[in-house]
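Coordinates from structure.cif are shown below (mmCIF, C-alpha atoms and all ligand atoms).
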data_my_file
loop_
_atom_site.label_atom_id
_atom_site.label_comp_id
_atom_site.auth_asym_id
_atom_site.auth_seq_id
_atom_site.Cartn_x
_atom_site.Cartn_y
_atom_site.Cartn_z
CA MET A 299 -208.48 -109.70 -216.73
CA ASN A 300 -205.97 -112.52 -216.59
CA ILE A 301 -203.07 -112.78 -219.03
CA PHE A 302 -203.33 -116.56 -219.35
CA THR A 303 -206.28 -118.92 -219.52
CA ASP A 304 -207.09 -121.38 -216.75
CA ASP A 305 -206.26 -124.20 -219.19
CA GLU A 306 -202.75 -122.83 -219.68
CA TRP A 307 -202.18 -122.57 -215.94
CA VAL A 308 -203.55 -126.06 -215.34
CA SER A 309 -201.27 -127.63 -217.94
CA TRP A 310 -198.19 -125.88 -216.47
CA PHE A 311 -199.18 -126.85 -212.91
CA ASP A 312 -199.66 -130.49 -214.00
CA THR A 313 -195.99 -130.63 -215.00
CA LEU A 314 -194.98 -128.67 -211.89
CA SER A 315 -196.69 -131.15 -209.61
CA ASN A 316 -195.38 -134.21 -211.48
CA LYS A 317 -191.76 -133.09 -211.85
CA ASP A 318 -191.37 -130.37 -209.18
CA TYR A 319 -190.58 -127.91 -212.00
CA VAL A 320 -191.90 -126.67 -215.32
CA VAL A 321 -190.10 -124.74 -218.06
CA ILE A 322 -192.30 -122.45 -220.16
CA ASP A 323 -190.76 -121.02 -223.34
CA ASN A 324 -191.97 -117.76 -224.92
CA PHE A 325 -193.81 -117.11 -221.69
CA LEU A 326 -194.94 -113.48 -221.92
CA PRO A 327 -196.53 -111.61 -224.82
CA THR A 328 -193.59 -109.80 -226.50
CA ALA A 329 -194.73 -106.30 -225.49
CA LEU A 330 -194.84 -107.22 -221.79
CA TYR A 331 -191.52 -109.03 -221.96
CA SER A 332 -189.90 -105.96 -223.56
CA ARG A 333 -191.20 -103.69 -220.82
CA ILE A 334 -189.52 -105.76 -218.13
CA ARG A 335 -186.35 -105.97 -220.23
CA HIS A 336 -186.28 -102.16 -220.62
CA PHE A 337 -186.93 -101.68 -216.93
CA PHE A 338 -183.92 -103.94 -216.28
CA GLU A 339 -181.72 -101.87 -218.60
CA ASN A 340 -182.76 -98.64 -216.88
CA LYS A 341 -181.94 -100.04 -213.45
CA LEU A 342 -178.52 -101.12 -214.75
CA LYS A 343 -177.90 -97.60 -216.07
CA GLU A 344 -178.98 -96.13 -212.73
CA ASP A 345 -176.50 -98.45 -210.98
CA ALA A 346 -179.35 -99.71 -208.77
CA PHE A 347 -177.99 -103.24 -208.30
CA ARG A 348 -176.26 -104.39 -205.11
CA LYS A 349 -174.16 -107.44 -204.30
CA SER A 350 -176.48 -110.30 -203.41
CA ALA A 351 -176.62 -111.97 -200.03
CA ILE A 352 -177.84 -115.30 -198.74
CA GLY A 353 -181.27 -115.04 -197.21
CA SER A 354 -184.31 -113.11 -198.26
CA LEU A 355 -185.62 -109.60 -198.58
CA PHE A 356 -185.59 -108.88 -194.83
CA ASN A 357 -182.88 -111.24 -193.65
CA GLU A 358 -179.72 -111.06 -195.71
CA GLN A 359 -176.19 -112.22 -195.07
CA ILE A 360 -173.27 -111.97 -197.49
CA ILE A 361 -171.24 -115.17 -197.67
CA GLU A 362 -168.37 -114.95 -200.15
CA GLY A 363 -167.92 -117.71 -202.71
CA VAL A 364 -171.53 -118.92 -202.76
CA ARG A 365 -173.18 -116.54 -205.21
CA GLY A 366 -171.80 -113.76 -207.36
CA ASP A 367 -174.86 -112.00 -208.68
CA TYR A 368 -176.01 -108.41 -208.18
CA ILE A 369 -179.65 -107.79 -207.40
CA TYR A 370 -182.35 -105.14 -207.27
CA TRP A 371 -185.41 -105.94 -205.09
CA LEU A 372 -188.65 -104.84 -206.74
CA ASP A 373 -190.96 -102.60 -204.75
CA LYS A 374 -194.64 -102.49 -205.69
CA ASN A 375 -194.99 -98.96 -204.36
CA LYS A 376 -191.95 -97.48 -206.12
CA ASP A 377 -191.66 -99.53 -209.29
CA THR A 378 -195.00 -98.42 -210.67
CA ASP A 379 -193.84 -98.91 -214.28
CA LEU A 380 -194.15 -102.62 -213.53
CA GLU A 381 -197.76 -102.54 -212.40
CA PHE A 382 -198.67 -105.08 -215.09
CA LEU A 383 -195.99 -107.42 -213.75
CA PHE A 384 -197.38 -107.25 -210.22
CA LYS A 385 -200.80 -108.06 -211.70
CA LEU A 386 -199.29 -111.09 -213.41
CA LEU A 387 -197.66 -112.15 -210.14
CA ASP A 388 -201.03 -111.78 -208.37
CA GLU A 389 -202.58 -113.89 -211.11
CA THR A 390 -199.88 -116.55 -210.70
CA LYS A 391 -200.34 -116.57 -206.92
CA ASN A 392 -204.12 -116.88 -207.21
CA MET A 393 -203.88 -119.69 -209.77
CA LEU A 394 -201.37 -121.59 -207.61
CA ASN A 395 -203.78 -121.26 -204.68
CA ARG A 396 -206.75 -122.37 -206.75
CA TYR A 397 -205.22 -125.28 -208.65
CA CYS A 398 -202.36 -126.44 -206.40
CA TYR A 399 -204.27 -125.94 -203.14
CA LEU A 400 -201.57 -123.70 -201.72
CA SER A 401 -202.27 -120.80 -199.37
CA LEU A 402 -199.83 -118.26 -200.72
CA SER A 403 -200.31 -114.75 -199.46
CA ASP A 404 -197.39 -112.79 -200.84
CA TYR A 405 -194.28 -112.77 -203.02
CA GLU A 406 -190.83 -111.18 -203.21
CA PHE A 407 -189.01 -110.61 -206.52
CA HIS A 408 -185.71 -109.16 -207.60
CA LEU A 409 -183.83 -108.49 -210.81
CA ALA A 410 -180.54 -110.40 -210.98
CA HIS A 411 -177.38 -109.65 -212.93
CA TYR A 412 -174.67 -112.32 -213.01
CA PRO A 413 -171.55 -110.69 -214.49
CA SER A 414 -169.22 -112.85 -216.55
CA GLY A 415 -167.27 -115.16 -214.19
CA SER A 416 -170.05 -115.50 -211.60
CA PHE A 417 -172.18 -118.47 -210.45
CA TYR A 418 -174.43 -119.62 -207.61
CA LYS A 419 -173.46 -122.88 -205.91
CA ARG A 420 -175.87 -125.78 -205.41
CA HIS A 421 -178.63 -124.88 -202.94
CA LEU A 422 -182.31 -125.01 -201.99
CA ASP A 423 -184.28 -121.74 -202.01
CA ARG A 424 -186.01 -122.50 -198.74
CA PHE A 425 -183.67 -121.52 -195.93
CA ASN A 426 -183.83 -123.46 -192.71
CA ASN A 427 -184.13 -120.31 -190.61
CA ARG A 428 -187.01 -118.95 -192.60
CA SER A 429 -189.23 -121.44 -194.27
CA ASN A 430 -191.98 -119.59 -196.10
CA ARG A 431 -190.78 -119.79 -199.70
CA MET A 432 -193.02 -122.24 -201.56
CA ILE A 433 -192.58 -121.67 -205.30
CA THR A 434 -189.65 -120.11 -207.17
CA MET A 435 -190.28 -118.30 -210.46
CA ILE A 436 -187.56 -117.10 -212.84
CA LEU A 437 -187.85 -115.25 -216.13
CA TYR A 438 -184.65 -115.16 -218.17
CA MET A 439 -183.83 -112.13 -220.29
CA ASN A 440 -180.82 -112.97 -222.45
CA GLU A 441 -181.18 -112.44 -226.16
CA GLN A 442 -178.78 -114.30 -228.45
CA TRP A 443 -177.56 -116.54 -225.66
CA GLN A 444 -174.82 -118.92 -226.90
CA GLU A 445 -174.10 -122.36 -225.50
CA GLU A 446 -170.45 -121.43 -224.86
CA ASN A 447 -171.64 -118.69 -222.49
CA GLY A 448 -172.48 -121.42 -219.95
CA GLY A 449 -174.60 -119.92 -217.17
CA GLN A 450 -177.17 -122.70 -217.28
CA LEU A 451 -179.48 -123.42 -214.39
CA LYS A 452 -178.62 -126.97 -213.32
CA ILE A 453 -181.49 -128.69 -211.56
CA TYR A 454 -181.06 -131.88 -209.55
CA THR A 455 -183.85 -134.42 -209.39
CA THR A 456 -183.58 -137.67 -207.40
CA ASP A 457 -181.75 -139.65 -210.05
CA THR A 458 -180.67 -137.18 -212.68
CA SER A 459 -179.93 -133.55 -213.45
CA GLU A 460 -180.92 -131.21 -216.22
CA LEU A 461 -179.46 -128.03 -217.70
CA VAL A 462 -181.75 -125.12 -218.51
CA ALA A 463 -180.21 -122.36 -220.64
CA PRO A 464 -181.22 -118.81 -219.58
CA LEU A 465 -182.92 -117.95 -222.89
CA SER A 466 -184.94 -114.78 -223.32
CA ASN A 467 -188.59 -115.01 -222.27
CA ARG A 468 -188.07 -118.51 -220.84
CA CYS A 469 -189.80 -118.99 -217.51
CA ILE A 470 -189.23 -121.71 -214.93
CA LEU A 471 -191.40 -122.47 -211.91
CA PHE A 472 -190.19 -124.92 -209.27
CA ARG A 473 -190.79 -126.06 -205.71
CA SER A 474 -188.55 -123.97 -203.46
CA ASP A 475 -188.38 -126.63 -200.73
CA ALA A 476 -187.74 -129.65 -202.97
CA LEU A 477 -185.56 -128.80 -205.93
CA GLU A 478 -181.82 -128.36 -205.48
CA HIS A 479 -180.23 -126.27 -208.18
CA GLU A 480 -177.21 -124.17 -209.08
CA VAL A 481 -176.19 -121.54 -211.61
CA LEU A 482 -173.17 -122.72 -213.61
CA LEU A 483 -170.35 -120.28 -214.27
CA THR A 484 -171.44 -117.71 -216.82
CA ARG A 485 -169.06 -116.27 -219.40
CA ALA A 486 -171.35 -113.40 -220.38
CA ASP A 487 -173.65 -110.99 -218.55
CA ARG A 488 -176.69 -113.00 -217.48
CA TYR A 489 -180.00 -111.28 -216.71
CA SER A 490 -183.11 -112.57 -214.98
CA LEU A 491 -186.14 -111.72 -212.91
CA THR A 492 -186.29 -114.09 -209.94
CA GLY A 493 -188.73 -114.43 -207.10
CA TRP A 494 -190.66 -116.49 -204.62
CA PHE A 495 -194.28 -117.02 -203.70
CA LEU A 496 -194.65 -117.05 -199.92
CA TYR A 497 -197.18 -118.43 -197.51
CA GLN A 498 -196.80 -115.48 -195.15
CA PRO A 499 -196.26 -111.79 -195.85
CA ALA A 500 -192.58 -111.11 -196.57
CA GLY A 501 -192.05 -109.24 -193.28
CA LEU A 502 -193.59 -111.80 -190.98
CA GLY A 503 -191.03 -114.59 -191.45
CA TYR A 504 -188.42 -112.17 -190.24
CA MET A 505 -190.43 -111.34 -187.12
CA LEU A 506 -191.07 -114.99 -186.34
CA THR A 507 -187.43 -116.06 -186.63
CA ASN A 508 -186.32 -113.16 -184.45
CA SER A 509 -188.90 -113.48 -181.70
C1 LIG A 601 -181.64 -118.06 -206.92
C2 LIG A 601 -181.31 -118.96 -208.04
C3 LIG A 601 -181.23 -119.38 -210.41
C4 LIG A 601 -181.10 -118.72 -211.75
O1 LIG A 601 -181.66 -116.83 -207.11
O2 LIG A 601 -181.91 -118.60 -205.81
O3 LIG A 601 -181.07 -120.11 -207.80
O4 LIG A 601 -181.14 -119.45 -212.75
N1 LIG A 601 -181.33 -118.49 -209.32
O5 LIG A 601 -180.95 -117.51 -211.82
NI NI A 602 -181.97 -120.64 -205.99
#

Go ahead and express the file in the form of structure tokens.
Ligand code: OGA
Ligand code: NI
Amino acid sequence: MNIFTDDEWVSWFDTLSNKDYVVIDNFLPTALYSRIRHFFENKLKEDAFRKSAIGSLFNEQIIEGVRGDYIYWLDKNKDTDLEFLFKLLDETKNMLNRYCYLSLSDYEFHLAHYPSGSFYKRHLDRFNNRSNRMITMILYMNEQWQEENGGQLKIYTTDTSELVAPLSNRCILFRSDALEHEVLLTRADRYSLTGWFLYQPAGLGYMLTNS
């Protein structure tokens, strides 16, 4: 059973293909959203987050001054409380393949915590040494977010830019190879689930770039 109807997916993908991104407010049914939010809180309590690096799941490099978030990579085999989320990610992948004619085969997702005072400088999510990220998906999890907290996602299109506040249960999908973006300085803890749909299994890109 899918969570969303084909019509919902098609209308989101229409915007995604016209604008290279789509923002979807009140994305998940509340109960599912809360489960991810609680999972996030538990991982914070367990001190499971690590300083982020530039690169991807299997190819990371810490470069100071580029990004200041702390992340926890999700693992389908260990994070079984999130089985419903992996089902939703499978659904998203299948719908992208069906309606956007992509050939995605996998995804990699992490939780991200930007402490007050952190940011992520302007960048593209597709790295030149490893080019299998096709679509970025972010779910923001910040209740009572205030404008003065900053921390917006700034997205750059050819002639303009737009600010997206990291409001709870707001989802954004965008083209990883096409859309430059940055996270503006946040003045409060900023929580999200962030990931990428890939056209090869997560491990293979690593093998190819190192062969
Ligand atoms: C990233 C990123 C944006 C955000 O993790 O690559 O750009 O709004 N995140 O969290
Ligand atoms: Ni990014």

(request) Within 12 Å of (-194.8, -106.2, -210.2) (coordinates as in the file), grab all the protein and nucleic acid residues, counting only C-alpha atoms, and write them out as a PyMOL selection string. (result) chain A and resi 330+333-334+337+371-390+404-409+491-493

Check which residues fall inside 9 Å of ligand LIG 601 (chain A) when counting only C-alpha atoms and all ligand atoms, and print them as a PDB file with C-alpha atoms, in the frame of the given file.
ATOM      1  CA  ILE A 352    -177.840-115.300-198.740  1.00  0.00           C
ATOM      2  CA  ARG A 365    -173.180-116.540-205.210  1.00  0.00           C
ATOM      3  CA  ASP A 367    -174.860-112.000-208.680  1.00  0.00           C
ATOM      4  CA  HIS A 408    -185.710-109.160-207.600  1.00  0.00           C
ATOM      5  CA  ALA A 410    -180.540-110.400-210.980  1.00  0.00           C
ATOM      6  CA  HIS A 411    -177.380-109.650-212.930  1.00  0.00           C
ATOM      7  CA  TYR A 412    -174.670-112.320-213.010  1.00  0.00           C
ATOM      8  CA  PHE A 417    -172.180-118.470-210.450  1.00  0.00           C
ATOM      9  CA  TYR A 418    -174.430-119.620-207.610  1.00  0.00           C
ATOM     10  CA  LYS A 419    -173.460-122.880-205.910  1.00  0.00           C
ATOM     11  CA  ARG A 420    -175.870-125.780-205.410  1.00  0.00           C
ATOM     12  CA  HIS A 421    -178.630-124.880-202.940  1.00  0.00           C
ATOM     13  CA  LEU A 422    -182.310-125.010-201.990  1.00  0.00           C
ATOM     14  CA  ASP A 423    -184.280-121.740-202.010  1.00  0.00           C
ATOM     15  CA  THR A 434    -189.650-120.110-207.170  1.00  0.00           C
ATOM     16  CA  ILE A 436    -187.560-117.100-212.840  1.00  0.00           C
ATOM     17  CA  LEU A 437    -187.850-115.250-216.130  1.00  0.00           C
ATOM     18  CA  TYR A 438    -184.650-115.160-218.170  1.00  0.00           C
ATOM     19  CA  GLY A 449    -174.600-119.920-217.170  1.00  0.00           C
ATOM     20  CA  GLN A 450    -177.170-122.700-217.280  1.00  0.00           C
ATOM     21  CA  LEU A 451    -179.480-123.420-214.390  1.00  0.00           C
ATOM     22  CA  LYS A 452    -178.620-126.970-213.320  1.00  0.00           C
ATOM     23  CA  VAL A 462    -181.750-125.120-218.510  1.00  0.00           C
ATOM     24  CA  ALA A 463    -180.210-122.360-220.640  1.00  0.00           C
ATOM     25  CA  PRO A 464    -181.220-118.810-219.580  1.00  0.00           C
ATOM     26  CA  ILE A 470    -189.230-121.710-214.930  1.00  0.00           C
ATOM     27  CA  SER A 474    -188.550-123.970-203.460  1.00  0.00           C
ATOM     28  CA  GLU A 478    -181.820-128.360-205.480  1.00  0.00           C
ATOM     29  CA  HIS A 479    -180.230-126.270-208.180  1.00  0.00           C
ATOM     30  CA  GLU A 480    -177.210-124.170-209.080  1.00  0.00           C
ATOM     31  CA  VAL A 481    -176.190-121.540-211.610  1.00  0.00           C
ATOM     32  CA  LEU A 482    -173.170-122.720-213.610  1.00  0.00           C
ATOM     33  CA  ARG A 488    -176.690-113.000-217.480  1.00  0.00           C
ATOM     34  CA  TYR A 489    -180.000-111.280-216.710  1.00  0.00           C
ATOM     35  CA  SER A 490    -183.110-112.570-214.980  1.00  0.00           C
ATOM     36  CA  LEU A 491    -186.140-111.720-212.910  1.00  0.00           C
ATOM     37  CA  THR A 492    -186.290-114.090-209.940  1.00  0.00           C
ATOM     38  CA  GLY A 493    -188.730-114.430-207.100  1.00  0.00           C
TER      39      GLY A 493
END

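Remark: for A:Pro327, the closest of the candidate residues A:Arg468, A:Gln442, A:Gly415, A:Val308 is A:Arg468 (distances computed over only C-alpha atoms).
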
(request) Dig up all the protein and nucleic acid residues within 9 Å of (-199.7, -121.6, -197.9) in the file frame, using only C-alpha atoms, and format them as a list in words. (result)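 Collected hits near the coordinates: Asn395, Tyr399, Leu400, Ser401, Leu402, Ser403, Asn430, Met432, Leu496, Tyr497 and Gln498 of chain A.
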
(message) As an exercise, work out the distance from atom CA of A:Ser350 to atom CA of A:Ile369 in Å and give it to one decimal place.
(response) 5.7 Å

(request) Report the distance between atom CA of A:Tyr368 and atom CA of A:Lys349 in Å, rounded to one decimal place. (result)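 Atom CA of A:Lys349 lies 4.4 Å from atom CA of A:Tyr368.
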
(message) Rounded to one decimal, what separation in Å do you get between atom CA of A:Asn467 and atom CA of A:Pro413?
(response)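 According to the coordinates, atom CA of A:Asn467 and atom CA of A:Pro413 are separated by 19.2 Å.
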
How about completing stretch 412-437 of chain A with N, CA and C atoms and giving it to me as an mmCIF file, in the coordinates of the input?
data_model
loop_
_atom_site.group_PDB
_atom_site.id
_atom_site.type_symbol
_atom_site.label_atom_id
_atom_site.label_comp_id
_atom_site.auth_asym_id
_atom_site.auth_seq_id
_atom_site.Cartn_x
_atom_site.Cartn_y
_atom_site.Cartn_z
ATOM 1 N N TYR A 412 -175.889 -111.535 -213.242
ATOM 2 C CA TYR A 412 -174.670 -112.320 -213.010
ATOM 3 C C TYR A 412 -173.634 -111.825 -214.005
ATOM 4 N N PRO A 413 -172.597 -111.105 -213.547
ATOM 5 C CA PRO A 413 -171.550 -110.690 -214.490
ATOM 6 C C PRO A 413 -170.755 -111.908 -214.936
ATOM 7 N N SER A 414 -170.072 -111.774 -216.058
ATOM 8 C CA SER A 414 -169.220 -112.850 -216.550
ATOM 9 C C SER A 414 -168.287 -113.302 -215.418
ATOM 10 N N GLY A 415 -168.148 -114.628 -215.242
ATOM 11 C CA GLY A 415 -167.270 -115.160 -214.190
ATOM 12 C C GLY A 415 -168.015 -115.488 -212.898
ATOM 13 N N SER A 416 -169.325 -115.228 -212.847
ATOM 14 C CA SER A 416 -170.050 -115.500 -211.600
ATOM 15 C C SER A 416 -170.915 -116.756 -211.709
ATOM 16 N N PHE A 417 -171.430 -117.206 -210.565
ATOM 17 C CA PHE A 417 -172.180 -118.470 -210.450
ATOM 18 C C PHE A 417 -172.956 -118.427 -209.145
ATOM 19 N N TYR A 418 -173.753 -119.458 -208.899
ATOM 20 C CA TYR A 418 -174.430 -119.620 -207.610
ATOM 21 C C TYR A 418 -174.385 -121.109 -207.307
ATOM 22 N N LYS A 419 -173.666 -121.468 -206.243
ATOM 23 C CA LYS A 419 -173.460 -122.880 -205.910
ATOM 24 C C LYS A 419 -174.762 -123.602 -205.582
ATOM 25 N N ARG A 420 -174.691 -124.944 -205.638
ATOM 26 C CA ARG A 420 -175.870 -125.780 -205.410
ATOM 27 C C ARG A 420 -176.560 -125.428 -204.084
ATOM 28 N N HIS A 421 -177.886 -125.263 -204.135
ATOM 29 C CA HIS A 421 -178.630 -124.880 -202.940
ATOM 30 C C HIS A 421 -180.120 -125.161 -203.096
ATOM 31 N N LEU A 422 -180.841 -125.020 -201.989
ATOM 32 C CA LEU A 422 -182.310 -125.010 -201.990
ATOM 33 C C LEU A 422 -182.733 -123.578 -201.700
ATOM 34 N N ASP A 423 -183.853 -123.124 -202.250
ATOM 35 C CA ASP A 423 -184.280 -121.740 -202.010
ATOM 36 C C ASP A 423 -184.994 -121.558 -200.675
ATOM 37 N N ARG A 424 -185.358 -122.661 -200.041
ATOM 38 C CA ARG A 424 -186.010 -122.500 -198.740
ATOM 39 C C ARG A 424 -184.943 -122.624 -197.648
ATOM 40 N N PHE A 425 -184.728 -121.539 -196.947
ATOM 41 C CA PHE A 425 -183.670 -121.520 -195.930
ATOM 42 C C PHE A 425 -184.199 -122.121 -194.641
ATOM 43 N N ASN A 426 -183.316 -122.804 -193.917
ATOM 44 C CA ASN A 426 -183.830 -123.460 -192.710
ATOM 45 C C ASN A 426 -184.229 -122.481 -191.608
ATOM 46 N N ASN A 427 -183.729 -121.256 -191.654
ATOM 47 C CA ASN A 427 -184.130 -120.310 -190.610
ATOM 48 C C ASN A 427 -185.357 -119.490 -190.996
ATOM 49 N N ARG A 428 -185.864 -119.751 -192.168
ATOM 50 C CA ARG A 428 -187.010 -118.950 -192.600
ATOM 51 C C ARG A 428 -187.684 -119.730 -193.710
ATOM 52 N N SER A 429 -188.766 -120.405 -193.363
ATOM 53 C CA SER A 429 -189.230 -121.440 -194.270
ATOM 54 C C SER A 429 -190.559 -121.116 -194.952
ATOM 55 N N ASN A 430 -190.697 -119.892 -195.471
ATOM 56 C CA ASN A 430 -191.980 -119.590 -196.100
ATOM 57 C C ASN A 430 -191.934 -119.452 -197.616
ATOM 58 N N ARG A 431 -190.809 -119.803 -198.234
ATOM 59 C CA ARG A 431 -190.780 -119.790 -199.700
ATOM 60 C C ARG A 431 -191.326 -121.122 -200.221
ATOM 61 N N MET A 432 -192.365 -121.022 -201.063
ATOM 62 C CA MET A 432 -193.020 -122.240 -201.560
ATOM 63 C C MET A 432 -192.654 -122.523 -203.021
ATOM 64 N N ILE A 433 -192.777 -121.496 -203.860
ATOM 65 C CA ILE A 433 -192.580 -121.670 -205.300
ATOM 66 C C ILE A 433 -191.619 -120.596 -205.806
ATOM 67 N N THR A 434 -190.605 -121.039 -206.541
ATOM 68 C CA THR A 434 -189.650 -120.110 -207.170
ATOM 69 C C THR A 434 -190.094 -119.872 -208.613
ATOM 70 N N MET A 435 -189.965 -118.628 -209.063
ATOM 71 C CA MET A 435 -190.280 -118.300 -210.460
ATOM 72 C C MET A 435 -189.136 -117.469 -211.027
ATOM 73 N N ILE A 436 -188.638 -117.858 -212.194
ATOM 74 C CA ILE A 436 -187.560 -117.100 -212.840
ATOM 75 C C ILE A 436 -187.955 -116.831 -214.282
ATOM 76 N N LEU A 437 -187.680 -115.606 -214.722
ATOM 77 C CA LEU A 437 -187.850 -115.250 -216.130
ATOM 78 C C LEU A 437 -186.482 -114.812 -216.643
#
